[in-house]
$ cat upload.tsv   # TSV, N, CA and C atoms
chain	number	residue	atom	x	y	z
X	1	MET	N	-1.61	47.40	-26.90
X	1	MET	CA	-2.19	46.22	-26.35
X	1	MET	C	-1.21	45.57	-25.39
X	2	ARG	N	-1.70	45.19	-24.23
X	2	ARG	CA	-0.86	44.58	-23.20
X	2	ARG	C	-1.18	43.10	-23.10
X	3	VAL	N	-0.15	42.27	-23.19
X	3	VAL	CA	-0.33	40.82	-23.12
X	3	VAL	C	-0.24	40.39	-21.66
X	4	SER	N	-1.21	39.63	-21.25
X	4	SER	CA	-1.24	39.16	-19.87
X	4	SER	C	-0.10	38.16	-19.63
X	5	LYS	N	0.43	38.15	-18.41
X	5	LYS	CA	1.49	37.20	-18.05
X	5	LYS	C	0.95	35.78	-17.98
X	6	LYS	N	-0.35	35.63	-17.84
X	6	LYS	CA	-0.95	34.30	-17.73
X	6	LYS	C	-1.19	33.67	-19.10
X	7	LEU	N	-1.16	34.46	-20.16
X	7	LEU	CA	-1.49	33.96	-21.49
X	7	LEU	C	-0.55	32.86	-21.97
X	8	PRO	N	0.79	32.98	-21.86
X	8	PRO	CA	1.66	31.88	-22.31
X	8	PRO	C	1.39	30.57	-21.56
X	9	GLY	N	1.15	30.65	-20.28
X	9	GLY	CA	0.83	29.44	-19.50
X	9	GLY	C	-0.48	28.84	-19.93
X	10	LEU	N	-1.46	29.68	-20.19
X	10	LEU	CA	-2.77	29.20	-20.64
X	10	LEU	C	-2.67	28.55	-22.01
X	11	LEU	N	-1.89	29.16	-22.91
X	11	LEU	CA	-1.70	28.58	-24.24
X	11	LEU	C	-1.01	27.23	-24.15
X	12	LEU	N	0.01	27.11	-23.32
X	12	LEU	CA	0.70	25.84	-23.13
X	12	LEU	C	-0.25	24.78	-22.60
X	13	LEU	N	-1.07	25.15	-21.64
X	13	LEU	CA	-2.05	24.21	-21.07
X	13	LEU	C	-3.03	23.75	-22.13
X	14	LEU	N	-3.51	24.65	-22.97
X	14	LEU	CA	-4.45	24.29	-24.04
X	14	LEU	C	-3.79	23.37	-25.07
X	15	ILE	N	-2.54	23.66	-25.41
X	15	ILE	CA	-1.83	22.81	-26.38
X	15	ILE	C	-1.68	21.40	-25.83
X	16	ILE	N	-1.31	21.27	-24.57
X	16	ILE	CA	-1.16	19.96	-23.95
X	16	ILE	C	-2.50	19.24	-23.85
X	17	ALA	N	-3.55	19.96	-23.48
X	17	ALA	CA	-4.87	19.35	-23.30
X	17	ALA	C	-5.44	18.80	-24.60
X	18	PHE	N	-5.11	19.44	-25.72
X	18	PHE	CA	-5.70	19.01	-26.99
X	18	PHE	C	-4.75	18.18	-27.84
X	19	GLN	N	-3.66	17.69	-27.27
X	19	GLN	CA	-2.77	16.78	-27.99
X	19	GLN	C	-3.48	15.45	-28.18
X	20	PRO	N	-3.28	14.78	-29.31
X	20	PRO	CA	-3.86	13.45	-29.46
X	20	PRO	C	-3.23	12.52	-28.45
X	21	GLY	N	-4.02	11.64	-27.90
X	21	GLY	CA	-3.52	10.71	-26.90
X	21	GLY	C	-2.47	9.78	-27.46
X	22	CYS	N	-1.58	9.32	-26.61
X	22	CYS	CA	-0.57	8.37	-27.03
X	22	CYS	C	-1.26	7.04	-27.32
X	23	LYS	N	-0.95	6.48	-28.45
X	23	LYS	CA	-1.53	5.19	-28.76
X	23	LYS	C	-0.64	4.11	-28.18
X	24	ARG	N	-1.25	3.18	-27.53
X	24	ARG	CA	-0.53	2.07	-26.94
X	24	ARG	C	-0.80	0.84	-27.79
X	25	ASN	N	0.19	0.01	-27.95
X	25	ASN	CA	0.03	-1.20	-28.74
X	25	ASN	C	-0.70	-2.23	-27.89
X	26	ASN	N	-2.01	-2.26	-27.98
X	26	ASN	CA	-2.81	-3.18	-27.18
X	26	ASN	C	-3.09	-4.45	-27.98
X	27	ASP	N	-2.08	-5.30	-28.07
X	27	ASP	CA	-2.26	-6.57	-28.75
X	27	ASP	C	-2.95	-7.53	-27.79
X	28	THR	N	-4.24	-7.35	-27.62
X	28	THR	CA	-5.00	-8.19	-26.71
X	28	THR	C	-5.27	-9.53	-27.37
X	29	VAL	N	-4.95	-10.58	-26.67
X	29	VAL	CA	-5.19	-11.92	-27.16
X	29	VAL	C	-6.56	-12.35	-26.64
X	30	ALA	N	-7.28	-13.11	-27.43
X	30	ALA	CA	-8.53	-13.67	-26.94
X	30	ALA	C	-8.20	-14.56	-25.74
X	31	GLU	N	-9.19	-14.82	-24.92
X	31	GLU	CA	-8.94	-15.62	-23.73
X	31	GLU	C	-8.41	-16.99	-24.14
X	32	VAL	N	-7.28	-17.37	-23.56
X	32	VAL	CA	-6.65	-18.65	-23.86
X	32	VAL	C	-6.42	-19.42	-22.57
X	33	THR	N	-6.28	-20.72	-22.70
X	33	THR	CA	-5.93	-21.53	-21.53
X	33	THR	C	-4.42	-21.55	-21.40
X	34	ALA	N	-3.97	-21.64	-20.18
X	34	ALA	CA	-2.54	-21.59	-19.91
X	34	ALA	C	-2.26	-22.20	-18.55
X	35	ASN	N	-0.98	-22.30	-18.21
X	35	ASN	CA	-0.55	-22.75	-16.89
X	35	ASN	C	0.39	-21.71	-16.30
X	36	VAL	N	0.14	-21.35	-15.05
X	36	VAL	CA	1.02	-20.45	-14.31
X	36	VAL	C	2.01	-21.33	-13.57
X	37	ARG	N	3.29	-21.02	-13.71
X	37	ARG	CA	4.34	-21.83	-13.07
X	37	ARG	C	5.43	-20.94	-12.50
X	38	TYR	N	6.25	-21.57	-11.66
X	38	TYR	CA	7.41	-20.88	-11.10
X	38	TYR	C	8.64	-21.66	-11.52
X	39	GLY	N	9.61	-20.96	-12.09
X	39	GLY	CA	10.80	-21.63	-12.61
X	39	GLY	C	12.08	-21.28	-11.88
X	40	GLY	N	12.00	-20.91	-10.63
X	40	GLY	CA	13.20	-20.60	-9.85
X	40	GLY	C	13.56	-19.13	-9.89
X	41	GLU	N	14.45	-18.76	-9.02
X	41	GLU	CA	14.88	-17.36	-8.90
X	41	GLU	C	15.62	-16.90	-10.15
X	42	PRO	N	15.20	-15.77	-10.73
X	42	PRO	CA	15.92	-15.25	-11.90
X	42	PRO	C	17.39	-14.93	-11.59
X	43	ALA	N	17.69	-14.57	-10.35
X	43	ALA	CA	19.08	-14.28	-9.97
X	43	ALA	C	19.96	-15.53	-10.05
X	44	ALA	N	19.33	-16.70	-9.99
X	44	ALA	CA	20.06	-17.97	-10.09
X	44	ALA	C	19.77	-18.64	-11.43
X	45	ASP	N	19.58	-17.84	-12.48
X	45	ASP	CA	19.29	-18.31	-13.83
X	45	ASP	C	17.97	-19.06	-13.95
X	46	GLY	N	17.01	-18.74	-13.11
X	46	GLY	CA	15.68	-19.33	-13.21
X	46	GLY	C	14.76	-18.44	-14.03
X	47	PHE	N	13.52	-18.89	-14.21
X	47	PHE	CA	12.54	-18.16	-15.00
X	47	PHE	C	11.79	-17.14	-14.16
X	48	GLY	N	11.68	-17.36	-12.86
X	48	GLY	CA	10.74	-16.59	-12.05
X	48	GLY	C	9.34	-17.11	-12.33
X	49	TYR	N	8.34	-16.28	-12.17
X	49	TYR	CA	6.97	-16.68	-12.49
X	49	TYR	C	6.75	-16.50	-13.99
X	50	TYR	N	6.14	-17.49	-14.60
X	50	TYR	CA	5.89	-17.41	-16.03
X	50	TYR	C	4.56	-18.09	-16.35
X	51	ILE	N	4.10	-17.86	-17.56
X	51	ILE	CA	2.85	-18.47	-18.02
X	51	ILE	C	3.16	-19.21	-19.32
X	52	ARG	N	2.80	-20.49	-19.33
X	52	ARG	CA	2.95	-21.29	-20.56
X	52	ARG	C	1.58	-21.34	-21.22
X	53	LEU	N	1.48	-20.70	-22.37
X	53	LEU	CA	0.22	-20.64	-23.10
X	53	LEU	C	-0.06	-21.99	-23.76
X	54	ASN	N	-1.32	-22.22	-24.13
X	54	ASN	CA	-1.68	-23.48	-24.76
X	54	ASN	C	-0.96	-23.66	-26.10
X	55	SER	N	-0.45	-22.60	-26.67
X	55	SER	CA	0.33	-22.69	-27.90
X	55	SER	C	1.78	-23.07	-27.60
X	56	SER	N	2.09	-23.32	-26.36
X	56	SER	CA	3.40	-23.69	-25.82
X	56	SER	C	4.37	-22.51	-25.75
X	57	GLU	N	3.92	-21.30	-26.07
X	57	GLU	CA	4.75	-20.12	-25.90
X	57	GLU	C	4.84	-19.79	-24.41
X	58	VAL	N	6.00	-19.37	-23.98
X	58	VAL	CA	6.21	-18.96	-22.59
X	58	VAL	C	6.28	-17.44	-22.57
X	59	VAL	N	5.50	-16.82	-21.66
X	59	VAL	CA	5.50	-15.36	-21.51
X	59	VAL	C	5.74	-15.01	-20.05
X	60	ILE	N	6.22	-13.81	-19.81
X	60	ILE	CA	6.52	-13.34	-18.46
X	60	ILE	C	5.48	-12.29	-18.07
X	61	PRO	N	4.66	-12.58	-17.04
X	61	PRO	CA	3.65	-11.61	-16.61
X	61	PRO	C	4.28	-10.52	-15.74
X	62	ILE	N	3.87	-9.27	-15.98
X	62	ILE	CA	4.42	-8.19	-15.16
X	62	ILE	C	3.50	-7.83	-14.00
X	63	ASN	N	2.28	-8.36	-14.00
X	63	ASN	CA	1.35	-8.04	-12.91
X	63	ASN	C	0.62	-9.29	-12.42
X	64	LEU	N	1.35	-10.35	-12.17
X	64	LEU	CA	0.75	-11.60	-11.69
X	64	LEU	C	0.15	-11.38	-10.31
X	65	PRO	N	-1.14	-11.71	-10.11
X	65	PRO	CA	-1.77	-11.52	-8.80
X	65	PRO	C	-1.07	-12.36	-7.72
X	66	SER	N	-1.13	-11.89	-6.50
X	66	SER	CA	-0.44	-12.55	-5.39
X	66	SER	C	-0.96	-13.95	-5.11
X	67	THR	N	-2.20	-14.25	-5.50
X	67	THR	CA	-2.74	-15.61	-5.26
X	67	THR	C	-1.97	-16.66	-6.06
X	68	TYR	N	-1.26	-16.26	-7.08
X	68	TYR	CA	-0.48	-17.20	-7.89
X	68	TYR	C	1.01	-17.15	-7.57
X	69	ARG	N	1.39	-16.34	-6.61
X	69	ARG	CA	2.81	-16.17	-6.29
X	69	ARG	C	3.25	-17.05	-5.13
X	70	HIS	N	3.38	-18.33	-5.43
X	70	HIS	CA	3.98	-19.27	-4.48
X	70	HIS	C	4.80	-20.26	-5.28
X	71	THR	N	5.85	-20.79	-4.68
X	71	THR	CA	6.85	-21.56	-5.43
X	71	THR	C	6.33	-22.87	-6.00
X	72	ASP	N	5.25	-23.42	-5.47
X	72	ASP	CA	4.74	-24.68	-6.00
X	72	ASP	C	3.52	-24.47	-6.90
X	73	VAL	N	3.37	-23.29	-7.46
X	73	VAL	CA	2.23	-22.99	-8.32
X	73	VAL	C	2.32	-23.79	-9.62
X	74	ASN	N	1.20	-24.36	-10.02
X	74	ASN	CA	1.05	-25.04	-11.31
X	74	ASN	C	-0.45	-25.04	-11.61
X	75	ASP	N	-1.01	-23.84	-11.75
X	75	ASP	CA	-2.45	-23.69	-11.91
X	75	ASP	C	-2.84	-23.55	-13.37
X	76	SER	N	-3.91	-24.27	-13.75
X	76	SER	CA	-4.51	-24.08	-15.06
X	76	SER	C	-5.42	-22.86	-14.98
X	77	VAL	N	-5.26	-21.96	-15.94
X	77	VAL	CA	-6.01	-20.71	-15.91
X	77	VAL	C	-6.52	-20.37	-17.31
X	78	ALA	N	-7.52	-19.51	-17.34
X	78	ALA	CA	-7.94	-18.84	-18.57
X	78	ALA	C	-7.47	-17.40	-18.41
X	79	VAL	N	-6.80	-16.88	-19.42
X	79	VAL	CA	-6.14	-15.59	-19.27
X	79	VAL	C	-6.27	-14.76	-20.56
X	80	ARG	N	-6.37	-13.45	-20.39
X	80	ARG	CA	-6.30	-12.48	-21.49
X	80	ARG	C	-5.06	-11.64	-21.24
X	81	LEU	N	-4.24	-11.50	-22.26
X	81	LEU	CA	-2.96	-10.83	-22.10
X	81	LEU	C	-2.85	-9.65	-23.05
X	82	ILE	N	-2.06	-8.67	-22.64
X	82	ILE	CA	-1.73	-7.52	-23.49
X	82	ILE	C	-0.21	-7.47	-23.58
X	83	ASP	N	0.29	-7.47	-24.80
X	83	ASP	CA	1.73	-7.40	-25.02
X	83	ASP	C	2.22	-6.02	-24.60
X	84	VAL	N	3.29	-5.96	-23.80
X	84	VAL	CA	3.82	-4.67	-23.36
X	84	VAL	C	5.01	-4.21	-24.18
X	85	GLY	N	5.41	-5.02	-25.15
X	85	GLY	CA	6.51	-4.61	-26.02
X	85	GLY	C	7.88	-4.72	-25.39
X	86	LYS	N	8.01	-5.50	-24.33
X	86	LYS	CA	9.29	-5.67	-23.67
X	86	LYS	C	9.68	-7.14	-23.73
X	87	ARG	N	10.95	-7.41	-23.88
X	87	ARG	CA	11.46	-8.78	-23.89
X	87	ARG	C	12.34	-9.00	-22.66
X	88	PHE	N	12.22	-10.18	-22.07
X	88	PHE	CA	13.01	-10.55	-20.91
X	88	PHE	C	14.04	-11.59	-21.32
X	89	HIS	N	15.27	-11.33	-21.00
X	89	HIS	CA	16.37	-12.25	-21.31
X	89	HIS	C	16.79	-12.91	-20.01
X	90	LEU	N	16.22	-14.06	-19.76
X	90	LEU	CA	16.51	-14.80	-18.54
X	90	LEU	C	17.67	-15.76	-18.79
X	91	GLY	N	18.18	-16.34	-17.71
X	91	GLY	CA	19.38	-17.17	-17.78
X	91	GLY	C	19.32	-18.32	-18.76
X	92	TYR	N	18.17	-18.87	-19.03
X	92	TYR	CA	18.10	-20.03	-19.90
X	92	TYR	C	18.00	-19.68	-21.38
X	93	THR	N	17.74	-18.42	-21.72
X	93	THR	CA	17.58	-18.05	-23.13
X	93	THR	C	18.95	-17.96	-23.80
X	94	GLU	N	18.96	-18.24	-25.07
X	94	GLU	CA	20.20	-18.15	-25.85
X	94	GLU	C	20.66	-16.70	-25.92
X	95	PRO	N	21.95	-16.45	-25.94
X	95	PRO	CA	22.46	-15.08	-25.96
X	95	PRO	C	21.93	-14.24	-27.12
X	96	ASN	N	21.73	-14.83	-28.28
X	96	ASN	CA	21.28	-14.06	-29.45
X	96	ASN	C	19.77	-14.16	-29.66
X	97	SER	N	19.05	-14.76	-28.73
X	97	SER	CA	17.60	-14.91	-28.90
X	97	SER	C	16.90	-13.59	-28.60
X	98	MET	N	15.65	-13.52	-28.98
X	98	MET	CA	14.87	-12.31	-28.74
X	98	MET	C	14.36	-12.26	-27.30
X	99	GLY	N	14.48	-13.32	-26.55
X	99	GLY	CA	14.00	-13.34	-25.17
X	99	GLY	C	12.53	-13.68	-25.10
X	100	LEU	N	11.99	-13.64	-23.89
X	100	LEU	CA	10.58	-13.96	-23.65
X	100	LEU	C	9.74	-12.69	-23.64
X	101	ARG	N	8.57	-12.79	-24.21
X	101	ARG	CA	7.67	-11.64	-24.32
X	101	ARG	C	7.10	-11.28	-22.95
X	102	GLY	N	7.14	-10.01	-22.60
X	102	GLY	CA	6.52	-9.52	-21.38
X	102	GLY	C	5.06	-9.19	-21.66
X	103	VAL	N	4.17	-9.56	-20.72
X	103	VAL	CA	2.74	-9.33	-20.93
X	103	VAL	C	2.11	-8.74	-19.67
X	104	TYR	N	1.05	-8.00	-19.88
X	104	TYR	CA	0.20	-7.47	-18.82
X	104	TYR	C	-1.04	-8.36	-18.79
X	105	ILE	N	-1.43	-8.83	-17.61
X	105	ILE	CA	-2.61	-9.69	-17.49
X	105	ILE	C	-3.84	-8.81	-17.39
X	106	ALA	N	-4.70	-8.88	-18.41
X	106	ALA	CA	-5.96	-8.12	-18.39
X	106	ALA	C	-6.97	-8.85	-17.51
X	107	THR	N	-7.11	-10.16	-17.69
X	107	THR	CA	-7.99	-10.99	-16.83
X	107	THR	C	-7.34	-12.34	-16.64
X	108	ILE	N	-7.60	-12.93	-15.49
X	108	ILE	CA	-7.12	-14.28	-15.20
X	108	ILE	C	-8.11	-14.95	-14.28
X	109	ARG	N	-8.38	-16.22	-14.54
X	109	ARG	CA	-9.26	-17.00	-13.66
X	109	ARG	C	-8.84	-18.45	-13.69
X	110	LYS	N	-8.98	-19.11	-12.53
X	110	LYS	CA	-8.62	-20.53	-12.43
X	110	LYS	C	-9.64	-21.37	-13.18
X	111	LEU	N	-9.18	-22.45	-13.76
X	111	LEU	CA	-10.07	-23.40	-14.43
X	111	LEU	C	-10.34	-24.59	-13.52
$ encode --input "upload.tsv" --output "structure tokens"
Amino acid sequence: MRVSKKLPGLLLLLIIAFQPGCKRNNDTVAEVTANVRYGGEPAADGFGYYIRLNSSEVVIPINLPSTYRHTDVNDSVAVRLIDVGKRFHLGYTEPNSMGLRGVYIATIRKL
């Protein structure tokens, strides 16, 4: 019996195709009210763009739309967030703190 040279590649492709998908930690929050703000340049120990949730928690958005990216932003919004599992340690946080939670914006709309 002769084994085809294509068989190992085909087997590898099948193994990859039928692997269970990677599970992502989609901690989606119900839509909450919040304020989008700018806290200065992170290079100068500022916050950059951040979102203060109605629970008073501050989070760092990784995909803030350009309509909210101006230095005098202070918009009330309704937002759905997904935790990305990353923490940001900005200049104002304590050295031993856990930092600010990074979030992906699933939906955002002005109020």
$ residues_around --input "upload.tsv" --residues "Phe88 of chain X" --least-positions-apart "3" --cutoff "6.5 Å" --atoms "all atoms listed in the file" --output "list in words"
Met98, Gly99, Leu100, Arg101 and Gly102 of chain X
$ residues_around --input "upload.tsv" --residues "Asp75 of chain X" --least-positions-apart "5" --cutoff "7 Å" --atoms "all atoms listed in the file" --output "compact mmCIF listing (two decimals) with N, CA and C atoms, keeping the file's coordinate frame"
# COMPACT_ATOMS: atom_id res chain seq x y z
N ALA X 34 -3.97 -21.64 -20.18
CA ALA X 34 -2.54 -21.59 -19.91
C ALA X 34 -2.26 -22.20 -18.55
N ASN X 35 -0.98 -22.30 -18.21
CA ASN X 35 -0.55 -22.75 -16.89
C ASN X 35 0.39 -21.71 -16.30
N VAL X 36 0.14 -21.35 -15.05
CA VAL X 36 1.02 -20.45 -14.31
C VAL X 36 2.01 -21.33 -13.57
N ARG X 37 3.29 -21.02 -13.71
CA ARG X 37 4.34 -21.83 -13.07
C ARG X 37 5.43 -20.94 -12.50
N LYS X 110 -8.98 -19.11 -12.53
CA LYS X 110 -8.62 -20.53 -12.43
C LYS X 110 -9.64 -21.37 -13.18
N LEU X 111 -9.18 -22.45 -13.76
CA LEU X 111 -10.07 -23.40 -14.43
C LEU X 111 -10.34 -24.59 -13.52
$ atom_distance --input "upload.tsv" --atom1 "atom CA of Arg109 of chain X" --atom2 "atom CA of Asp45 of chain X"
28.6 Å
$ atom_distance --input "upload.tsv" --atom1 "atom C of Ala44 of chain X" --atom2 "atom CA of Asp72 of chain X"
17.1 Å
$ residues_around --input "upload.tsv" --residues "Gly85 of chain X" --least-positions-apart "2" --cutoff "6.5 Å" --atoms "only N, CA and C atoms" --output "mmCIF file with N, CA and C atoms, keeping the file's coordinate frame"
data_model
loop_
_atom_site.group_PDB
_atom_site.id
_atom_site.type_symbol
_atom_site.label_atom_id
_atom_site.label_comp_id
_atom_site.auth_asym_id
_atom_site.auth_seq_id
_atom_site.Cartn_x
_atom_site.Cartn_y
_atom_site.Cartn_z
ATOM 1 N N ILE X 82 -2.060 -8.670 -22.640
ATOM 2 C CA ILE X 82 -1.730 -7.520 -23.490
ATOM 3 C C ILE X 82 -0.210 -7.470 -23.580
ATOM 4 N N ASP X 83 0.290 -7.470 -24.800
ATOM 5 C CA ASP X 83 1.730 -7.400 -25.020
ATOM 6 C C ASP X 83 2.220 -6.020 -24.600
ATOM 7 N N ARG X 87 10.950 -7.410 -23.880
ATOM 8 C CA ARG X 87 11.460 -8.780 -23.890
ATOM 9 C C ARG X 87 12.340 -9.000 -22.660
ATOM 10 N N GLY X 102 7.140 -10.010 -22.600
ATOM 11 C CA GLY X 102 6.520 -9.520 -21.380
ATOM 12 C C GLY X 102 5.060 -9.190 -21.660
ATOM 13 N N VAL X 103 4.170 -9.560 -20.720
ATOM 14 C CA VAL X 103 2.740 -9.330 -20.930
ATOM 15 C C VAL X 103 2.110 -8.740 -19.670
#
$ atom_distance --input "upload.tsv" --atom1 "atom CA of Val84 of chain X" --atom2 "atom CA of Thr71 of chain X"
24.8 Å
$ closest_residue --input "upload.tsv" --among "X:Thr33, X:Ala43, X:Tyr49, X:Thr107" --to "His70 of chain X" --atoms "only C-alpha atoms"
X:Tyr49
$ axis_aligned_box --input "upload.tsv" --around "segment 44-62 of chain X" --padding-each-side "5 Å" --output "AutoDock Vina command-line options"
--center_x 9.2 --center_y -15.8 --center_z -18.9 --size_x 31.7 --size_y 25.9 --size_z 27.9
$ decode --input "upload.tsv" --residues "segment 23-106 of chain X" --atoms "C-alpha atoms" --output "PDB file, in the first residue's frame"
ATOM      1  CA  LYS X  23     -14.201  30.171  24.040  1.00  0.00           C
ATOM      2  CA  ARG X  24     -13.974  33.846  24.728  1.00  0.00           C
ATOM      3  CA  ASN X  25     -14.994  35.323  28.041  1.00  0.00           C
ATOM      4  CA  ASN X  26     -17.933  37.411  26.842  1.00  0.00           C
ATOM      5  CA  ASP X  27     -18.949  39.123  30.051  1.00  0.00           C
ATOM      6  CA  THR X  28     -21.561  41.246  28.325  1.00  0.00           C
ATOM      7  CA  VAL X  29     -23.136  43.809  30.585  1.00  0.00           C
ATOM      8  CA  ALA X  30     -26.740  44.810  30.078  1.00  0.00           C
ATOM      9  CA  GLU X  31     -27.091  48.249  28.545  1.00  0.00           C
ATOM     10  CA  VAL X  32     -26.078  50.828  31.148  1.00  0.00           C
ATOM     11  CA  THR X  33     -25.920  54.592  31.215  1.00  0.00           C
ATOM     12  CA  ALA X  34     -22.493  56.134  31.341  1.00  0.00           C
ATOM     13  CA  ASN X  35     -20.420  59.192  30.458  1.00  0.00           C
ATOM     14  CA  VAL X  36     -17.625  59.255  27.889  1.00  0.00           C
ATOM     15  CA  ARG X  37     -14.807  61.564  28.977  1.00  0.00           C
ATOM     16  CA  TYR X  38     -11.244  62.508  28.170  1.00  0.00           C
ATOM     17  CA  GLY X  39      -8.743  62.634  31.012  1.00  0.00           C
ATOM     18  CA  GLY X  40      -5.596  63.902  29.311  1.00  0.00           C
ATOM     19  CA  GLU X  41      -2.729  62.241  27.511  1.00  0.00           C
ATOM     20  CA  PRO X  42      -1.703  58.900  29.033  1.00  0.00           C
ATOM     21  CA  ALA X  43       1.942  59.808  28.279  1.00  0.00           C
ATOM     22  CA  ALA X  44       1.520  62.717  30.722  1.00  0.00           C
ATOM     23  CA  ASP X  45      -0.119  60.535  33.423  1.00  0.00           C
ATOM     24  CA  GLY X  46      -3.625  61.190  32.106  1.00  0.00           C
ATOM     25  CA  PHE X  47      -6.480  58.728  31.616  1.00  0.00           C
ATOM     26  CA  GLY X  48      -6.922  59.093  27.866  1.00  0.00           C
ATOM     27  CA  TYR X  49     -10.493  58.343  26.794  1.00  0.00           C
ATOM     28  CA  TYR X  50     -12.507  56.546  29.434  1.00  0.00           C
ATOM     29  CA  ILE X  51     -16.082  55.685  30.325  1.00  0.00           C
ATOM     30  CA  ARG X  52     -17.530  56.300  33.779  1.00  0.00           C
ATOM     31  CA  LEU X  53     -20.349  53.822  34.292  1.00  0.00           C
ATOM     32  CA  ASN X  54     -23.429  54.701  36.332  1.00  0.00           C
ATOM     33  CA  SER X  55     -22.009  52.422  39.038  1.00  0.00           C
ATOM     34  CA  SER X  56     -19.104  54.930  39.190  1.00  0.00           C
ATOM     35  CA  GLU X  57     -16.647  52.325  37.862  1.00  0.00           C
ATOM     36  CA  VAL X  58     -14.188  53.708  35.317  1.00  0.00           C
ATOM     37  CA  VAL X  59     -13.348  51.510  32.302  1.00  0.00           C
ATOM     38  CA  ILE X  60     -11.044  51.991  29.322  1.00  0.00           C
ATOM     39  CA  PRO X  61     -12.657  51.406  25.897  1.00  0.00           C
ATOM     40  CA  ILE X  62     -10.446  49.780  23.275  1.00  0.00           C
ATOM     41  CA  ASN X  63     -12.698  50.628  20.319  1.00  0.00           C
ATOM     42  CA  LEU X  64     -14.215  54.033  21.077  1.00  0.00           C
ATOM     43  CA  PRO X  65     -15.852  55.415  17.894  1.00  0.00           C
ATOM     44  CA  SER X  66     -14.246  58.520  16.392  1.00  0.00           C
ATOM     45  CA  THR X  67     -17.379  60.621  17.053  1.00  0.00           C
ATOM     46  CA  TYR X  68     -16.453  60.539  20.748  1.00  0.00           C
ATOM     47  CA  ARG X  69     -12.743  61.208  20.261  1.00  0.00           C
ATOM     48  CA  HIS X  70     -12.358  64.888  21.009  1.00  0.00           C
ATOM     49  CA  THR X  71     -10.750  66.470  24.056  1.00  0.00           C
ATOM     50  CA  ASP X  72     -13.879  68.222  25.342  1.00  0.00           C
ATOM     51  CA  VAL X  73     -16.086  65.112  25.215  1.00  0.00           C
ATOM     52  CA  ASN X  74     -18.537  64.659  28.104  1.00  0.00           C
ATOM     53  CA  ASP X  75     -21.383  62.743  26.483  1.00  0.00           C
ATOM     54  CA  SER X  76     -24.093  60.787  28.269  1.00  0.00           C
ATOM     55  CA  VAL X  77     -24.473  57.447  26.527  1.00  0.00           C
ATOM     56  CA  ALA X  78     -26.166  54.083  26.776  1.00  0.00           C
ATOM     57  CA  VAL X  79     -23.548  51.399  26.259  1.00  0.00           C
ATOM     58  CA  ARG X  80     -23.100  47.605  26.203  1.00  0.00           C
ATOM     59  CA  LEU X  81     -19.615  46.432  27.062  1.00  0.00           C
ATOM     60  CA  ILE X  82     -17.650  43.205  26.805  1.00  0.00           C
ATOM     61  CA  ASP X  83     -14.786  42.657  29.223  1.00  0.00           C
ATOM     62  CA  VAL X  84     -11.569  41.891  27.315  1.00  0.00           C
ATOM     63  CA  GLY X  85      -9.681  40.577  30.325  1.00  0.00           C
ATOM     64  CA  LYS X  86      -6.995  43.256  30.196  1.00  0.00           C
ATOM     65  CA  ARG X  87      -6.145  45.823  32.864  1.00  0.00           C
ATOM     66  CA  PHE X  88      -4.692  49.260  32.168  1.00  0.00           C
ATOM     67  CA  HIS X  89      -2.315  50.801  34.669  1.00  0.00           C
ATOM     68  CA  LEU X  90      -2.466  54.513  34.009  1.00  0.00           C
ATOM     69  CA  GLY X  91      -0.506  57.217  35.815  1.00  0.00           C
ATOM     70  CA  TYR X  92      -3.139  57.920  38.445  1.00  0.00           C
ATOM     71  CA  THR X  93      -3.626  54.313  39.615  1.00  0.00           C
ATOM     72  CA  GLU X  94      -1.873  53.069  42.722  1.00  0.00           C
ATOM     73  CA  PRO X  95       1.233  50.960  42.027  1.00  0.00           C
ATOM     74  CA  ASN X  96      -0.256  47.836  43.650  1.00  0.00           C
ATOM     75  CA  SER X  97      -3.783  48.306  42.280  1.00  0.00           C
ATOM     76  CA  MET X  98      -5.335  46.014  39.707  1.00  0.00           C
ATOM     77  CA  GLY X  99      -5.701  48.894  37.244  1.00  0.00           C
ATOM     78  CA  LEU X 100      -8.699  49.828  35.121  1.00  0.00           C
ATOM     79  CA  ARG X 101     -10.695  47.209  33.260  1.00  0.00           C
ATOM     80  CA  GLY X 102     -10.361  47.237  29.464  1.00  0.00           C
ATOM     81  CA  VAL X 103     -13.637  46.830  27.568  1.00  0.00           C
ATOM     82  CA  TYR X 104     -14.846  46.350  24.013  1.00  0.00           C
ATOM     83  CA  ILE X 105     -17.890  48.477  23.118  1.00  0.00           C
ATOM     84  CA  ALA X 106     -20.593  46.230  21.664  1.00  0.00           C
TER      85      ALA X 106
END
